[in-house]
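To start, the structure under review is shown below, and the notes come after it.
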Amino acid sequence: VLDVGSGAGDDLVGLGVERSVGADRSRAMCSRSAQRGARVVQADAAALPFRDAAFGGARSDRTFQHLDDPVPALRELLRVLRSGAPVVIADPDQESLVIEVFGVRRSVLDRLKVLRRDVGYRNGRWISRAPALLERVGVDVTSVDAFPLTIRDPADAFGLPDWPTVWRDEGGFTDDELAEWQAAMRSSQDGFLFCVTFFVVAGRKR
């Protein structure tokens, strides 16, 4: 089983290091995976260093959202799979993102959602097109499932407390807006809500 964008190797270990191979662009992530006994290669998703039909299955979790164009990587993924092999791809749809922070004006929250979707990720909405794209490149899609991720503590929300500062120029955040945000982050956030929907698309190579 090939894991594209295998990161630190958590899923490789879960799959079983004897039956899985990872590919990741990051040398540091490959090193961490190897230290855990996983087999992994440093490679771009659109240029995998494997022969045709080398694998009996493939998966990718939260990787394709970072690609400018997912189609070349999808085609490369299918190239290294045998006919009939299962394919599973998961990503969040940043279009579904909900952020509620008590004491912060709606215009700030709306800009943060757009920045997360279009700047934080190269392709934050691609997963909604994944079933059609997979069918187009040679996968018979068998299921599309959605799972909400809900977070109630800002500290757990992927660095959200720092977003307005990091994206100050892109979002045009004023000093007043930043002060409002920072005050909200310091206060009790009983009403805080961060929710995004993950989609898991599964199928088999034709």
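Following the order of the structure tokens, chains are lettered A, B, ..., residues in each are numbered from 1, and ligands are numbered from 1.
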Sorted by chain and rising residue number, list the residues of range 7-113 of chain A at most 8 Å from range 190-194 of chain A (counting only C-alpha atoms), each with its closest atom pair and distance in Å to one decimal, as a tab-separated table.
```
residue	atom	partner	partner_atom	distance
A:Leu97	CA	A:Phe194	CA	7.3
A:Val98	CA	A:Phe194	CA	5.6
A:Ile99	CA	A:Phe194	CA	4.7
A:Glu100	CA	A:Leu193	CA	5.0
A:Val101	CA	A:Phe192	CA	5.0
A:Phe102	CA	A:Gly191	CA	6.1
```
Store the residues picked out above, limited to N, CA and C atoms, as a CSV table (one decimal), in the first residue's frame.
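As written to disk, part09.csv reads:
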```csv
chain,number,residue,atom,x,y,z
A,97,LEU,N,-15.7,25.7,6.2
A,97,LEU,CA,-15.2,26.2,7.5
A,97,LEU,C,-16.1,27.1,8.2
A,98,VAL,N,-16.3,26.9,9.5
A,98,VAL,CA,-17.1,27.7,10.4
A,98,VAL,C,-16.2,28.2,11.5
A,99,ILE,N,-16.1,29.5,11.7
A,99,ILE,CA,-15.4,30.0,12.9
A,99,ILE,C,-16.3,31.0,13.6
A,100,GLU,N,-16.5,30.8,14.9
A,100,GLU,CA,-17.2,31.7,15.8
A,100,GLU,C,-16.4,32.0,17.0
A,101,VAL,N,-16.1,33.3,17.1
A,101,VAL,CA,-15.3,33.8,18.3
A,101,VAL,C,-16.1,35.0,18.9
A,102,PHE,N,-16.5,34.8,20.1
A,102,PHE,CA,-17.3,35.8,20.8
A,102,PHE,C,-16.5,37.1,21.0
```
DSSP on the backbone: which residues in range 16-171 of chain A end up as helix (DSSP H, G or I)? Give the answer as an mmCIF file with N, CA, C and O atoms, in the first residue's frame.
```cif
data_model
loop_
_atom_site.group_PDB
_atom_site.id
_atom_site.type_symbol
_atom_site.label_atom_id
_atom_site.label_comp_id
_atom_site.auth_asym_id
_atom_site.auth_seq_id
_atom_site.Cartn_x
_atom_site.Cartn_y
_atom_site.Cartn_z
ATOM 1 N N ARG A 27 12.204 16.093 3.594
ATOM 2 C CA ARG A 27 13.292 15.233 4.067
ATOM 3 C C ARG A 27 13.163 14.962 5.558
ATOM 4 O O ARG A 27 13.408 13.843 6.024
ATOM 5 N N ALA A 28 12.745 15.983 6.313
ATOM 6 C CA ALA A 28 12.603 15.821 7.759
ATOM 7 C C ALA A 28 11.525 14.789 8.087
ATOM 8 O O ALA A 28 11.706 13.946 8.974
ATOM 9 N N MET A 29 10.391 14.838 7.371
ATOM 10 C CA MET A 29 9.321 13.867 7.617
ATOM 11 C C MET A 29 9.761 12.458 7.235
ATOM 12 O O MET A 29 9.451 11.482 7.932
ATOM 13 N N CYS A 30 10.489 12.342 6.139
ATOM 14 C CA CYS A 30 10.996 11.029 5.732
ATOM 15 C C CYS A 30 11.944 10.462 6.785
ATOM 16 O O CYS A 30 11.909 9.263 7.099
ATOM 17 N N SER A 31 12.768 11.319 7.341
ATOM 18 C CA SER A 31 13.704 10.876 8.370
ATOM 19 C C SER A 31 12.964 10.383 9.604
ATOM 20 O O SER A 31 13.310 9.338 10.181
ATOM 21 N N ARG A 32 11.928 11.118 10.008
ATOM 22 C CA ARG A 32 11.158 10.711 11.190
ATOM 23 C C ARG A 32 10.456 9.379 10.940
ATOM 24 O O ARG A 32 10.385 8.520 11.823
ATOM 25 N N SER A 33 9.917 9.212 9.724
ATOM 26 C CA SER A 33 9.263 7.948 9.393
ATOM 27 C C SER A 33 10.254 6.787 9.437
ATOM 28 O O SER A 33 9.956 5.712 9.972
ATOM 29 N N ALA A 34 11.434 7.002 8.848
ATOM 30 C CA ALA A 34 12.439 5.948 8.812
ATOM 31 C C ALA A 34 12.887 5.552 10.217
ATOM 32 O O ALA A 34 13.139 4.375 10.497
ATOM 33 N N GLN A 35 12.965 6.530 11.112
ATOM 34 C CA GLN A 35 13.350 6.238 12.494
ATOM 35 C C GLN A 35 12.333 5.337 13.192
ATOM 36 O O GLN A 35 12.666 4.662 14.165
ATOM 37 N N PHE A 64 -3.394 16.432 -0.921
ATOM 38 C CA PHE A 64 -3.726 17.055 -2.202
ATOM 39 C C PHE A 64 -4.182 18.504 -2.051
ATOM 40 O O PHE A 64 -4.064 19.291 -2.990
ATOM 41 N N GLN A 65 -4.669 18.882 -0.886
ATOM 42 C CA GLN A 65 -5.062 20.271 -0.653
ATOM 43 C C GLN A 65 -3.875 21.231 -0.770
ATOM 44 O O GLN A 65 -4.064 22.436 -0.983
ATOM 45 N N HIS A 66 -2.665 20.712 -0.669
ATOM 46 C CA HIS A 66 -1.465 21.552 -0.741
ATOM 47 C C HIS A 66 -0.911 21.680 -2.165
ATOM 48 O O HIS A 66 0.072 22.395 -2.373
ATOM 49 N N PRO A 70 -4.106 19.183 -8.566
ATOM 50 C CA PRO A 70 -4.118 17.789 -8.116
ATOM 51 C C PRO A 70 -4.117 16.764 -9.238
ATOM 52 O O PRO A 70 -3.756 15.609 -9.009
ATOM 53 N N VAL A 71 -4.496 17.152 -10.446
ATOM 54 C CA VAL A 71 -4.674 16.171 -11.516
ATOM 55 C C VAL A 71 -3.384 15.428 -11.865
ATOM 56 O O VAL A 71 -3.390 14.191 -11.980
ATOM 57 N N PRO A 72 -2.227 16.105 -12.081
ATOM 58 C CA PRO A 72 -1.004 15.348 -12.374
ATOM 59 C C PRO A 72 -0.645 14.346 -11.286
ATOM 60 O O PRO A 72 -0.189 13.236 -11.580
ATOM 61 N N ALA A 73 -0.882 14.717 -10.030
ATOM 62 C CA ALA A 73 -0.590 13.797 -8.932
ATOM 63 C C ALA A 73 -1.566 12.624 -8.921
ATOM 64 O O ALA A 73 -1.186 11.490 -8.605
ATOM 65 N N LEU A 74 -2.819 12.873 -9.260
ATOM 66 C CA LEU A 74 -3.781 11.775 -9.352
ATOM 67 C C LEU A 74 -3.387 10.794 -10.453
ATOM 68 O O LEU A 74 -3.446 9.574 -10.270
ATOM 69 N N ARG A 75 -2.980 11.325 -11.598
ATOM 70 C CA ARG A 75 -2.573 10.458 -12.706
ATOM 71 C C ARG A 75 -1.340 9.637 -12.322
ATOM 72 O O ARG A 75 -1.240 8.447 -12.656
ATOM 73 N N GLU A 76 -0.415 10.260 -11.606
ATOM 74 C CA GLU A 76 0.795 9.554 -11.190
ATOM 75 C C GLU A 76 0.456 8.480 -10.163
ATOM 76 O O GLU A 76 1.019 7.369 -10.188
ATOM 77 N N LEU A 77 -0.470 8.786 -9.278
ATOM 78 C CA LEU A 77 -0.911 7.803 -8.296
ATOM 79 C C LEU A 77 -1.497 6.575 -8.987
ATOM 80 O O LEU A 77 -1.182 5.425 -8.628
ATOM 81 N N LEU A 78 -2.312 6.799 -10.008
ATOM 82 C CA LEU A 78 -2.920 5.679 -10.719
ATOM 83 C C LEU A 78 -1.894 4.902 -11.537
ATOM 84 O O LEU A 78 -2.025 3.681 -11.710
ATOM 85 N N ARG A 79 -0.888 5.597 -12.029
ATOM 86 C CA ARG A 79 0.147 4.911 -12.821
ATOM 87 C C ARG A 79 0.802 3.795 -12.031
ATOM 88 O O ARG A 79 1.101 2.726 -12.576
ATOM 89 N N ARG A 106 -17.918 40.150 12.643
ATOM 90 C CA ARG A 106 -18.114 39.181 11.573
ATOM 91 C C ARG A 106 -17.177 39.408 10.401
ATOM 92 O O ARG A 106 -16.694 38.459 9.774
ATOM 93 N N SER A 107 -16.880 40.656 10.068
ATOM 94 C CA SER A 107 -16.019 40.927 8.912
ATOM 95 C C SER A 107 -14.625 40.340 9.104
ATOM 96 O O SER A 107 -13.997 39.897 8.143
ATOM 97 N N VAL A 108 -14.138 40.320 10.332
ATOM 98 C CA VAL A 108 -12.830 39.729 10.621
ATOM 99 C C VAL A 108 -12.893 38.215 10.433
ATOM 100 O O VAL A 108 -12.016 37.610 9.803
ATOM 101 N N LEU A 109 -13.930 37.587 10.969
ATOM 102 C CA LEU A 109 -14.071 36.132 10.841
ATOM 103 C C LEU A 109 -14.226 35.716 9.386
ATOM 104 O O LEU A 109 -13.657 34.707 8.955
ATOM 105 N N ASP A 110 -14.983 36.505 8.622
ATOM 106 C CA ASP A 110 -15.164 36.171 7.207
ATOM 107 C C ASP A 110 -13.844 36.249 6.442
ATOM 108 O O ASP A 110 -13.550 35.402 5.586
ATOM 109 N N ARG A 111 -13.042 37.266 6.735
ATOM 110 C CA ARG A 111 -11.748 37.380 6.058
ATOM 111 C C ARG A 111 -10.820 36.241 6.450
ATOM 112 O O ARG A 111 -10.067 35.725 5.617
ATOM 113 N N LEU A 112 -10.855 35.842 7.710
ATOM 114 C CA LEU A 112 -10.013 34.732 8.146
ATOM 115 C C LEU A 112 -10.374 33.437 7.435
ATOM 116 O O LEU A 112 -9.494 32.656 7.056
ATOM 117 N N LYS A 113 -11.654 33.209 7.237
ATOM 118 C CA LYS A 113 -12.075 31.994 6.540
ATOM 119 C C LYS A 113 -11.588 31.985 5.096
ATOM 120 O O LYS A 113 -11.131 30.961 4.586
ATOM 121 N N VAL A 114 -11.677 33.132 4.434
ATOM 122 C CA VAL A 114 -11.204 33.227 3.059
ATOM 123 C C VAL A 114 -9.692 33.019 2.994
ATOM 124 O O VAL A 114 -9.181 32.321 2.110
ATOM 125 N N LEU A 115 -8.967 33.612 3.937
ATOM 126 C CA LEU A 115 -7.513 33.461 3.957
ATOM 127 C C LEU A 115 -7.106 32.018 4.221
ATOM 128 O O LEU A 115 -6.174 31.500 3.605
ATOM 129 N N ARG A 116 -7.786 31.370 5.130
ATOM 130 C CA ARG A 116 -7.494 29.967 5.410
ATOM 131 C C ARG A 116 -7.728 29.123 4.162
ATOM 132 O O ARG A 116 -6.936 28.240 3.825
ATOM 133 N N ARG A 117 -8.804 29.415 3.459
ATOM 134 C CA ARG A 117 -9.184 28.644 2.279
ATOM 135 C C ARG A 117 -8.245 28.876 1.097
ATOM 136 O O ARG A 117 -7.815 27.942 0.434
ATOM 137 N N ASP A 118 -7.933 30.147 0.823
ATOM 138 C CA ASP A 118 -7.264 30.506 -0.431
ATOM 139 C C ASP A 118 -5.789 30.861 -0.292
ATOM 140 O O ASP A 118 -5.073 30.891 -1.291
ATOM 141 N N TRP A 126 -10.515 21.734 -3.218
ATOM 142 C CA TRP A 126 -10.421 20.739 -4.286
ATOM 143 C C TRP A 126 -11.211 19.469 -4.009
ATOM 144 O O TRP A 126 -11.733 18.831 -4.932
ATOM 145 N N ILE A 127 -11.323 19.072 -2.732
ATOM 146 C CA ILE A 127 -11.898 17.770 -2.410
ATOM 147 C C ILE A 127 -13.347 17.649 -2.868
ATOM 148 O O ILE A 127 -13.829 16.553 -3.157
ATOM 149 N N SER A 128 -14.052 18.769 -2.998
ATOM 150 C CA SER A 128 -15.429 18.694 -3.484
ATOM 151 C C SER A 128 -15.470 18.271 -4.953
ATOM 152 O O SER A 128 -16.482 17.738 -5.429
ATOM 153 N N ARG A 129 -14.364 18.476 -5.664
ATOM 154 C CA ARG A 129 -14.276 18.064 -7.072
ATOM 155 C C ARG A 129 -13.613 16.693 -7.230
ATOM 156 O O ARG A 129 -13.531 16.162 -8.342
ATOM 157 N N ALA A 130 -13.133 16.141 -6.130
ATOM 158 C CA ALA A 130 -12.367 14.899 -6.203
ATOM 159 C C ALA A 130 -13.129 13.743 -6.846
ATOM 160 O O ALA A 130 -12.554 13.009 -7.670
ATOM 161 N N PRO A 131 -14.405 13.511 -6.521
ATOM 162 C CA PRO A 131 -15.095 12.386 -7.177
ATOM 163 C C PRO A 131 -15.097 12.507 -8.702
ATOM 164 O O PRO A 131 -14.810 11.520 -9.403
ATOM 165 N N ALA A 132 -15.390 13.697 -9.220
ATOM 166 C CA ALA A 132 -15.414 13.886 -10.667
ATOM 167 C C ALA A 132 -14.020 13.751 -11.272
ATOM 168 O O ALA A 132 -13.846 13.132 -12.339
ATOM 169 N N LEU A 133 -13.004 14.314 -10.593
ATOM 170 C CA LEU A 133 -11.641 14.226 -11.107
ATOM 171 C C LEU A 133 -11.143 12.787 -11.117
ATOM 172 O O LEU A 133 -10.489 12.344 -12.075
ATOM 173 N N LEU A 134 -11.442 12.053 -10.064
ATOM 174 C CA LEU A 134 -11.012 10.648 -10.008
ATOM 175 C C LEU A 134 -11.677 9.822 -11.107
ATOM 176 O O LEU A 134 -11.026 8.999 -11.758
ATOM 177 N N GLU A 135 -12.948 10.044 -11.327
ATOM 178 C CA GLU A 135 -13.632 9.336 -12.405
ATOM 179 C C GLU A 135 -12.986 9.658 -13.751
ATOM 180 O O GLU A 135 -12.808 8.786 -14.600
ATOM 181 N N ARG A 136 -12.601 10.922 -13.918
ATOM 182 C CA ARG A 136 -12.031 11.359 -15.185
ATOM 183 C C ARG A 136 -10.674 10.717 -15.464
ATOM 184 O O ARG A 136 -10.338 10.436 -16.616
ATOM 185 N N VAL A 137 -9.887 10.476 -14.409
ATOM 186 C CA VAL A 137 -8.539 9.941 -14.631
ATOM 187 C C VAL A 137 -8.479 8.420 -14.550
ATOM 188 O O VAL A 137 -7.405 7.835 -14.724
ATOM 189 N N PRO A 154 -9.612 27.392 21.053
ATOM 190 C CA PRO A 154 -8.798 28.030 20.006
ATOM 191 C C PRO A 154 -7.371 27.487 19.922
ATOM 192 O O PRO A 154 -6.783 27.441 18.843
ATOM 193 N N ALA A 155 -6.819 27.060 21.063
ATOM 194 C CA ALA A 155 -5.446 26.567 21.088
ATOM 195 C C ALA A 155 -5.283 25.282 20.278
ATOM 196 O O ALA A 155 -4.167 24.947 19.878
ATOM 197 N N ASP A 156 -6.380 24.580 20.023
ATOM 198 C CA ASP A 156 -6.321 23.333 19.264
ATOM 199 C C ASP A 156 -6.623 23.525 17.781
ATOM 200 O O ASP A 156 -6.593 22.562 17.012
ATOM 201 N N LEU A 160 -4.843 28.953 14.945
ATOM 202 C CA LEU A 160 -5.787 30.048 14.691
ATOM 203 C C LEU A 160 -5.517 31.322 15.489
ATOM 204 O O LEU A 160 -5.682 32.422 14.953
ATOM 205 N N PRO A 161 -5.107 31.278 16.765
ATOM 206 C CA PRO A 161 -4.860 32.531 17.486
ATOM 207 C C PRO A 161 -3.864 33.464 16.800
ATOM 208 O O PRO A 161 -3.926 34.686 17.001
ATOM 209 N N ASP A 162 -2.968 32.925 15.961
ATOM 210 C CA ASP A 162 -1.963 33.756 15.284
ATOM 211 C C ASP A 162 -2.353 34.160 13.866
ATOM 212 O O ASP A 162 -1.643 34.931 13.230
ATOM 213 N N TRP A 163 -3.450 33.657 13.347
ATOM 214 C CA TRP A 163 -3.783 33.901 11.943
ATOM 215 C C TRP A 163 -3.871 35.385 11.582
ATOM 216 O O TRP A 163 -3.299 35.803 10.568
ATOM 217 N N PRO A 164 -4.582 36.214 12.352
ATOM 218 C CA PRO A 164 -4.687 37.624 11.943
ATOM 219 C C PRO A 164 -3.335 38.328 11.875
ATOM 220 O O PRO A 164 -3.118 39.187 11.014
ATOM 221 N N THR A 165 -2.424 37.969 12.772
ATOM 222 C CA THR A 165 -1.091 38.587 12.743
ATOM 223 C C THR A 165 -0.286 38.098 11.542
ATOM 224 O O THR A 165 0.337 38.889 10.835
ATOM 225 N N VAL A 166 -0.322 36.793 11.298
ATOM 226 C CA VAL A 166 0.418 36.222 10.172
ATOM 227 C C VAL A 166 -0.092 36.781 8.849
ATOM 228 O O VAL A 166 0.694 37.069 7.937
ATOM 229 N N ARG A 168 -1.790 39.639 8.375
ATOM 230 C CA ARG A 168 -2.229 41.027 8.554
ATOM 231 C C ARG A 168 -2.310 41.769 7.219
ATOM 232 O O ARG A 168 -3.312 42.440 6.930
ATOM 233 N N ASP A 169 -1.259 41.687 6.408
ATOM 234 C CA ASP A 169 -1.252 42.411 5.141
ATOM 235 C C ASP A 169 -2.286 41.849 4.175
ATOM 236 O O ASP A 169 -3.039 42.605 3.543
ATOM 237 N N GLU A 170 -2.326 40.509 4.046
ATOM 238 C CA GLU A 170 -3.263 39.893 3.104
ATOM 239 C C GLU A 170 -4.721 40.184 3.480
ATOM 240 O O GLU A 170 -5.569 40.365 2.600
ATOM 241 N N GLY A 171 -4.984 40.230 4.776
ATOM 242 C CA GLY A 171 -6.362 40.444 5.229
ATOM 243 C C GLY A 171 -6.714 41.885 5.499
ATOM 244 O O GLY A 171 -7.880 42.206 5.747
#
```
**Report entry** Which of A:Ala8, A:Ile89, A:Ala46, A:Met185 sits closest to Asp145 in chain A [using only C-alpha atoms]
**Finding:** A:Ile89
Report task. Take CA of Thr142 in chain A and CA of Ala85 in chain A and report the distance between them in Å, one decimal. Result ->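 Atom-to-atom, CA of Thr142 in chain A to CA of Ala85 in chain A, that is 12.3 Å.
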Query raised in the report: Using only C-alpha atoms, which of the listed residues (A:Arg204, A:Gly138, A:Arg125, A:Ala184) sits closest to Asp69 in chain A?
Result: A:Arg125
**Report entry** Contacts of Gly9 in chain A within 10 Å, only C-alpha atoms, excl. fewer than 2 positions in-chain, as number ranges by chain
**Finding:** A: 3, 5-7, 11-15, 17, 21-24, 29-40
Query - Nearest to Gly56 in chain A, chosen from A:Trp181, A:Lys205, A:Phe147, A:Arg122, with only C-alpha atoms counted in the distances - result: A:Lys205
**Report entry** Proximity to Pro86 in chain A - best of A:Ala202, A:Val41, A:Ala54, A:Leu2, only C-alpha atoms
**Finding:**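 The answer is A:Ala202, which sits nearest to Pro86 in chain A.
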